[in-house]
Amino acid sequence: MTDEKPKRQYNYSYAHKAKMASRKAVKAKEKEIARLKKNLENKTRRLRDKKETLKVVQNAETNKESKKGLVIEEDKLDTLPSPVKKLIEEEKERVVFKPNSGPQTDFLAAPEQDVLYGGSAGGGKSYAMLVDPLRFMHIKEHRALLLRKSMPELRELIDKSRELYPKAFKGAKFREVEKIWRFPSGASLEFGYLDRDADVYRYQGQSYTWIGIDELTQYPTEFPLQYLQSRLRTTNNEIQCYIRCTANPGGVGGNWVKKRYLDPAPPNESFTGQDKITRKFIPARLEDNPYLSEDGKYEQMLQSLPAVQRKQLLEGNWDVSEGAAFTEFDYDSHVIEPFDLPKHWVRVKGIDYGYAAESAVVWAAVDPSDETLIVYRELYQKGLTGEDLATRIFEFEKEDRLSVSGVLDGAAWARTGATGPTVGEVLSRAGHKLRRADKNRIQGKIQIHERLKLNDKGRPKLQIFKSCPNLIREIQSIPIDPSRPEDVDTKASDHAYDALRYLVMSRPRATSVWEEMSNKKRWTPSDPTFGY
Ligand SMILES: Nc1ncnc2c1ncn2[C@@H]1O[C@H](COP(=O)(O)OP(=O)(O)OP(=O)(O)O)[C@@H](O)[C@H]1O
Ligand SMILES: [Mg+2]
């Protein structure tokens with residue numbers, strides 16, 4: 001027997017059936033609306049994103065036009081919708097150079113004719129110097145010249161240019177022998193080194209539209225830059241001619257570089273020099289170059305330097321110097337253009353002999369109008385024996401009318417146990433009129449300070465021809481001895497300085513003793529000494 005419950009049967013009225021159907025329809029519609037609403041929200045969000053993208057891209061375009069050169073900032077990249085992000089990532093692959101924001105960008109966009117980018121080591125200065133001349137490389141007449149002090153230093157720049165230039169300009173070719181890049185437009189960039197001032201004459205008769213000097217403070221005088229300035233010209237007015245330099249504070253040229261670029265106006269402010277050239281100084285800081293500053297290792301290395309160098313190379317401070325001994329030395333007052341010295345002016349010389357280190361000879365004439373000593377010639381050379389030096393001095397003195405008497409350092413007269421004549425004897429036997437120099441170092445230094453003082457007409461008692469760069473460099477940069485502040489630091493290069501010190505201590509006079517005596521004889525016939 002089965003005990004199954006009979007199934008219940010419902011009989012709905014028409015009205016009820018209609019009610020249920022309409023409820024179902026409403027629910028379906030509500031569901032549809034919710035779906036559409038969600039859809040709309042998504043679409044609205046996507047529209048907002050797209051508008052945002054457009055804004056970022058437009059901003060980047062405007063910046064590009066104003067030559068700020070900024071493309072989309074790294075941190076904005078992740079906020080962009082993925083297709084745009086992908087596009088930009090691809091584009092980034094093709095970007096050869098992206099300036100660091102801040103000073104490097106400012107340097108590359110600077111409109112002034114002459115700009116110094118100087119300060120901390122590692123700020124990205126040399127890198128920017130390689131990029132700057134590229135701005136007119138699409139124009140045939142653009143000729144750039146990029147200089148450094150020596151060939152090995154230049155090599156660093158050349159190697160970096162080999163990484164950069166072929167990517168930036170397809171078809172750019174480097175000719176190793178001449179060290180010239182030729183670009184498809186016909187434009188060129190030449191690398192050169194300027195070791196001595198006289199090396200600038202290699203560029204005589206040339207013209208350039210861009211001249212750059214990397215590490216300007218390595219040059220003791222402003223002369224090379226002034227000379228090269230005259231080589232800057234173009235016939236194409238689409239190109240503007242520029243001088244661009246970089247430097248770390250300090251160095252043998254720290255003083256004149258500061259005077260040219262930093263003293264006339266605050267950093268980043270444009271000014272016009274006396275030569276009517278627009279200039280600007282842009283300070284470089286290590287923290288503005290993420291490529292070197294981010295891991296902090298380079299900064300750590302700079303932190304461990306002695307105080308003065310740390311201030312110069314890490315902080316980019318131009319106001320500290322190694323404690324220069326002759327801070328009163330002023331290029332404009334103490335250095336003069338060479339001129340023809342009157343034949344009758346008395347001439348004297350000071351010699352500091354060296355074989356492994358340089359032998360230095362400085363020649364001076366005494367201006368009889370006020371006894372000013374004018375250093376008109378220098379010899380600065382290593383590896384000369386006594387005989388060689390005797391010959392070299394004679395060669396130089398061919399131009400002088402009379403033989404020039406002089407003083408030679410004490411050590412060159414001293415016997416050191418070796419047999420054979422001393423350098424002093426060799427020079428004397430060869431016919432040079434020489435005396436042993438007064439070796440009092442401290443008195444000698446005081447005498448030089450005395451002579452550097454300006455009189456009320458602004459003239460010092462010591463002037464040096466521009467053609468004596470070694471003496472100028474040494475006087476400008478020789479530091480005081482930290483453990484004996486009344487003397488200079490003998491560890492620094494001091495050969496030309498010593499030769500000058502001997503010369504000054506020999507008490508050069510406009511009238512020689514001989515002349516004085518013969519004048520006396522001539523003009524005082526009743527001189528009792530002679531029994532008249
Ligand atoms: N915009 C840049 N893009 C890529 N790399 C850069 C950029 N700027 C600088 N660098 C890198 O940073 C490093 C240091 O730069 P650079 O040699 O130009 O510094 P510097 O200021 O000349 O240093 P120093 O004072 O020692 O001469 C280099 O390896 C250079 O390639
Ligand atoms: Mg550099």
# chains A, B, ... in the order shown; residues from 1 in each chain; ligands from 1

call {"tool": "residues_around", "arguments": {"residues": "stretch 412-415 of chain A", "least_positions_apart": "2", "cutoff": "8 Å", "atoms": "only C-alpha atoms", "output": "ChimeraX atom specification"}}
result
/A:353,408-410,417-418,422-425,436

call {"tool": "residues_around", "arguments": {"residues": "A:Val504", "least_positions_apart": "3", "cutoff": "10 Å", "atoms": "only C-alpha atoms", "output": "list of chain:residue names"}}
result
A:Val348, A:Lys349, A:Gly350, A:Ala364, A:Leu373, A:Val407, A:Ala437, A:Asp438, A:Gly444, A:Lys445, A:Gln447, A:Ile448, A:Arg451, A:Leu462, A:Asp498, A:Ala499, A:Leu500, A:Arg501, A:Arg507, A:Pro508

call {"tool": "select_by_dssp", "arguments": {"residues": "stretch 303-456 of chain A", "states": "strand (DSSP E or B)", "output": "PDB file with C-alpha atoms, in the first residue's frame"}}
result
ATOM      1  CA  ALA A 324      96.423  81.015  -1.709  1.00  0.00           C
ATOM      2  CA  VAL A 335      99.514  90.981 -15.870  1.00  0.00           C
ATOM      3  CA  ILE A 336     100.150  93.140 -18.921  1.00  0.00           C
ATOM      4  CA  ARG A 347     117.603  93.742 -17.201  1.00  0.00           C
ATOM      5  CA  VAL A 348     118.110  91.067 -14.585  1.00  0.00           C
ATOM      6  CA  LYS A 349     117.248  87.404 -14.169  1.00  0.00           C
ATOM      7  CA  GLY A 350     116.557  84.832 -11.449  1.00  0.00           C
ATOM      8  CA  ILE A 351     117.261  81.118 -11.943  1.00  0.00           C
ATOM      9  CA  ASP A 352     116.000  78.088 -10.055  1.00  0.00           C
ATOM     10  CA  SER A 359     114.402  74.644 -14.325  1.00  0.00           C
ATOM     11  CA  ALA A 360     112.851  78.082 -14.199  1.00  0.00           C
ATOM     12  CA  VAL A 361     114.386  81.338 -15.353  1.00  0.00           C
ATOM     13  CA  VAL A 362     112.550  84.651 -15.180  1.00  0.00           C
ATOM     14  CA  TRP A 363     113.881  87.792 -16.811  1.00  0.00           C
ATOM     15  CA  ALA A 364     112.812  91.264 -15.741  1.00  0.00           C
ATOM     16  CA  ALA A 365     113.470  94.838 -16.762  1.00  0.00           C
ATOM     17  CA  VAL A 366     113.286  97.798 -14.408  1.00  0.00           C
ATOM     18  CA  ASP A 367     111.193 100.744 -15.521  1.00  0.00           C
ATOM     19  CA  THR A 372     108.601  98.869 -11.410  1.00  0.00           C
ATOM     20  CA  LEU A 373     109.899  95.399 -12.176  1.00  0.00           C
ATOM     21  CA  ILE A 374     108.553  94.042 -15.426  1.00  0.00           C
ATOM     22  CA  VAL A 375     108.920  90.301 -15.932  1.00  0.00           C
ATOM     23  CA  TYR A 376     109.138  89.963 -19.689  1.00  0.00           C
ATOM     24  CA  ARG A 377     110.243  86.394 -20.302  1.00  0.00           C
ATOM     25  CA  GLU A 378     110.287  82.977 -18.675  1.00  0.00           C
ATOM     26  CA  LEU A 379     111.908  79.619 -19.317  1.00  0.00           C
ATOM     27  CA  TYR A 380     110.258  76.595 -17.703  1.00  0.00           C
ATOM     28  CA  GLN A 381     111.653  73.254 -18.738  1.00  0.00           C
ATOM     29  CA  SER A 405     123.305  89.567 -14.880  1.00  0.00           C
ATOM     30  CA  GLY A 406     121.453  87.252 -12.565  1.00  0.00           C
ATOM     31  CA  VAL A 407     121.143  85.169  -9.432  1.00  0.00           C
ATOM     32  CA  LEU A 408     121.075  81.391  -9.201  1.00  0.00           C
ATOM     33  CA  LEU A 434     125.715  85.034 -11.966  1.00  0.00           C
ATOM     34  CA  ARG A 435     125.716  85.444  -8.217  1.00  0.00           C
ATOM     35  CA  ARG A 436     124.486  83.135  -5.491  1.00  0.00           C
ATOM     36  CA  LEU A 454      99.260  98.968  -5.891  1.00  0.00           C
TER      37      LEU A 454
END

call {"tool": "residues_near_ligand", "arguments": {"ligand": "ligand 2", "cutoff": "7 Å", "atoms": "only C-alpha atoms and all ligand atoms", "output": "PyMOL selection string"}}
result
chain A and resi 122+124-126+214-215

call {"tool": "write_last_selection", "arguments": {"atoms": "N, CA and C atoms", "output": "PDB file, in the first residue's frame"}}
result
ATOM      1  N   GLY A 122      80.429  65.749 -10.757  1.00  0.00           N
ATOM      2  CA  GLY A 122      79.413  64.743 -11.047  1.00  0.00           C
ATOM      3  C   GLY A 122      78.022  65.295 -11.294  1.00  0.00           C
ATOM      4  N   GLY A 124      76.808  66.417 -13.933  1.00  0.00           N
ATOM      5  CA  GLY A 124      76.329  66.176 -15.298  1.00  0.00           C
ATOM      6  C   GLY A 124      76.757  67.267 -16.263  1.00  0.00           C
ATOM      7  N   LYS A 125      77.879  67.936 -15.962  1.00  0.00           N
ATOM      8  CA  LYS A 125      78.320  69.077 -16.761  1.00  0.00           C
ATOM      9  C   LYS A 125      78.908  68.633 -18.100  1.00  0.00           C
ATOM     10  N   SER A 126      79.853  67.673 -18.035  1.00  0.00           N
ATOM     11  CA  SER A 126      80.517  67.264 -19.277  1.00  0.00           C
ATOM     12  C   SER A 126      79.524  66.626 -20.239  1.00  0.00           C
ATOM     13  N   ASP A 214      85.648  72.388 -21.604  1.00  0.00           N
ATOM     14  CA  ASP A 214      85.287  71.601 -20.425  1.00  0.00           C
ATOM     15  C   ASP A 214      86.415  71.782 -19.406  1.00  0.00           C
ATOM     16  N   GLU A 215      86.054  72.042 -18.156  1.00  0.00           N
ATOM     17  CA  GLU A 215      87.031  72.246 -17.074  1.00  0.00           C
ATOM     18  C   GLU A 215      87.847  73.525 -17.272  1.00  0.00           C
TER      19      GLU A 215
END

call {"tool": "closest_residue", "arguments": {"among": "A:Lys179, A:Lys19, A:Lys160, A:Arg196", "to": "A:Pro224", "atoms": "only C-alpha atoms"}}
result
A:Arg196

call {"tool": "closest_residue", "arguments": {"among": "A:Thr221, A:Phe394, A:Lys457, A:Gln204", "to": "A:Leu427", "atoms": "only C-alpha atoms"}}
result
A:Phe394

call {"tool": "residues_near_ligand", "arguments": {"ligand": "ligand 1", "cutoff": "7 Å", "atoms": "only C-alpha atoms and all ligand atoms", "output": "PyMOL selection string"}}
result
chain A and resi 97-100+120-128+247-248+289+291-292

call {"tool": "atom_distance", "arguments": {"atom1": "atom CA of A:Lys167", "atom2": "atom CA of A:Phe183"}}
result
11.8 Å

call {"tool": "closest_residue", "arguments": {"among": "A:Glu222, A:Glu190, A:Glu287, A:Asp332", "to": "A:Trp210", "atoms": "only C-alpha atoms"}}
result
A:Glu190

call {"tool": "atom_distance", "arguments": {"atom1": "atom CA of A:Glu294", "atom2": "atom CA of A:Arg148"}}
result
27.8 Å

call {"tool": "atom_distance", "arguments": {"atom1": "atom CA of A:Ile211", "atom2": "atom CA of A:Ile243"}}
result
5.0 Å

call {"tool": "closest_residue", "arguments": {"among": "A:Ala265, A:Val200, A:Leu108, A:Ile139", "to": "A:Tyr227", "atoms": "only C-alpha atoms"}}
result
A:Val200

call {"tool": "residues_around", "arguments": {"residues": "A:Lys173", "least_positions_apart": "3", "cutoff": "8 Å", "atoms": "only C-alpha atoms", "output": "list of chain:residue names"}}
result
A:Pro166, A:Trp181, A:Arg182, A:Phe183

call {"tool": "write_last_selection", "arguments": {"atoms": "N, CA, C and O atoms", "output": "PDB file, in the first residue's frame"}}
result
ATOM      1  N   PRO A 166      75.923  58.744 -32.846  1.00  0.00           N
ATOM      2  CA  PRO A 166      75.344  57.947 -33.938  1.00  0.00           C
ATOM      3  C   PRO A 166      73.870  57.632 -33.699  1.00  0.00           C
ATOM      4  O   PRO A 166      73.102  57.460 -34.637  1.00  0.00           O
ATOM      5  N   TRP A 181      83.768  64.940 -35.814  1.00  0.00           N
ATOM      6  CA  TRP A 181      82.501  64.321 -36.193  1.00  0.00           C
ATOM      7  C   TRP A 181      81.945  65.081 -37.389  1.00  0.00           C
ATOM      8  O   TRP A 181      81.881  66.310 -37.354  1.00  0.00           O
ATOM      9  N   ARG A 182      81.543  64.341 -38.429  1.00  0.00           N
ATOM     10  CA  ARG A 182      80.842  64.996 -39.542  1.00  0.00           C
ATOM     11  C   ARG A 182      79.409  64.486 -39.527  1.00  0.00           C
ATOM     12  O   ARG A 182      79.157  63.291 -39.468  1.00  0.00           O
ATOM     13  N   PHE A 183      78.474  65.430 -39.579  1.00  0.00           N
ATOM     14  CA  PHE A 183      77.058  65.080 -39.483  1.00  0.00           C
ATOM     15  C   PHE A 183      76.430  65.119 -40.874  1.00  0.00           C
ATOM     16  O   PHE A 183      76.962  65.782 -41.781  1.00  0.00           O
TER      17      PHE A 183
END

call {"tool": "closest_residue", "arguments": {"among": "A:Glu371, A:Asp330, A:Glu337, A:Glu178", "to": "A:Gly458", "atoms": "only C-alpha atoms"}}
result
A:Asp330

call {"tool": "select_by_dssp", "arguments": {"residues": "stretch 285-522 of chain A", "states": "helix (DSSP H, G or I)", "output": "PyMOL selection string"}}
result
chain A and resi 286-288+290-293+297-303+307-313+331-334+386-397+410-413+423-429+441-452+469-477+495-505+513-522

call {"tool": "residues_around", "arguments": {"residues": "A:Thr278", "least_positions_apart": "4", "cutoff": "6 Å", "atoms": "only C-alpha atoms", "output": "PDB file with all heavy atoms, in the first residue's frame"}}
result
ATOM      1  N   GLU A 112      71.843  82.868 -23.546  1.00  0.00           N
ATOM      2  CA  GLU A 112      72.987  83.783 -23.482  1.00  0.00           C
ATOM      3  C   GLU A 112      74.116  83.303 -24.401  1.00  0.00           C
ATOM      4  O   GLU A 112      74.239  82.112 -24.659  1.00  0.00           O
ATOM      5  CB  GLU A 112      73.527  83.906 -22.044  1.00  0.00           C
ATOM      6  CG  GLU A 112      72.637  84.656 -21.095  1.00  0.00           C
ATOM      7  CD  GLU A 112      71.458  83.826 -20.611  1.00  0.00           C
ATOM      8  OE1 GLU A 112      71.437  82.603 -20.874  1.00  0.00           O
ATOM      9  OE2 GLU A 112      70.545  84.405 -19.990  1.00  0.00           O
ATOM     10  N   GLN A 113      74.975  84.271 -24.826  1.00  0.00           N
ATOM     11  CA  GLN A 113      76.064  83.895 -25.740  1.00  0.00           C
ATOM     12  C   GLN A 113      77.161  83.092 -25.029  1.00  0.00           C
ATOM     13  O   GLN A 113      77.804  82.251 -25.629  1.00  0.00           O
ATOM     14  CB  GLN A 113      76.688  85.177 -26.325  1.00  0.00           C
ATOM     15  CG  GLN A 113      75.775  85.892 -27.284  1.00  0.00           C
ATOM     16  CD  GLN A 113      76.170  87.344 -27.409  1.00  0.00           C
ATOM     17  OE1 GLN A 113      76.030  88.134 -26.479  1.00  0.00           O
ATOM     18  NE2 GLN A 113      76.678  87.709 -28.562  1.00  0.00           N
ATOM     19  N   PHE A 271      73.590  88.588 -17.549  1.00  0.00           N
ATOM     20  CA  PHE A 271      74.188  89.928 -17.496  1.00  0.00           C
ATOM     21  C   PHE A 271      75.019  90.160 -18.747  1.00  0.00           C
ATOM     22  O   PHE A 271      75.332  89.217 -19.471  1.00  0.00           O
ATOM     23  CB  PHE A 271      75.027  90.120 -16.227  1.00  0.00           C
ATOM     24  CG  PHE A 271      76.244  89.237 -16.143  1.00  0.00           C
ATOM     25  CD1 PHE A 271      77.483  89.667 -16.607  1.00  0.00           C
ATOM     26  CD2 PHE A 271      76.158  87.960 -15.604  1.00  0.00           C
ATOM     27  CE1 PHE A 271      78.602  88.847 -16.538  1.00  0.00           C
ATOM     28  CE2 PHE A 271      77.270  87.132 -15.530  1.00  0.00           C
ATOM     29  CZ  PHE A 271      78.490  87.579 -16.000  1.00  0.00           C
ATOM     30  N   THR A 272      75.334  91.434 -18.997  1.00  0.00           N
ATOM     31  CA  THR A 272      76.144  91.750 -20.169  1.00  0.00           C
ATOM     32  C   THR A 272      77.521  92.193 -19.702  1.00  0.00           C
ATOM     33  O   THR A 272      77.634  93.095 -18.866  1.00  0.00           O
ATOM     34  CB  THR A 272      75.483  92.870 -20.993  1.00  0.00           C
ATOM     35  OG1 THR A 272      74.152  92.438 -21.268  1.00  0.00           O
ATOM     36  CG2 THR A 272      76.203  93.113 -22.306  1.00  0.00           C
TER      37      THR A 272
END

call {"tool": "closest_residue", "arguments": {"among": "A:Gln476, A:Ser403, A:Thr391, A:Gln206", "to": "A:Phe326", "atoms": "only C-alpha atoms"}}
result
A:Gln476
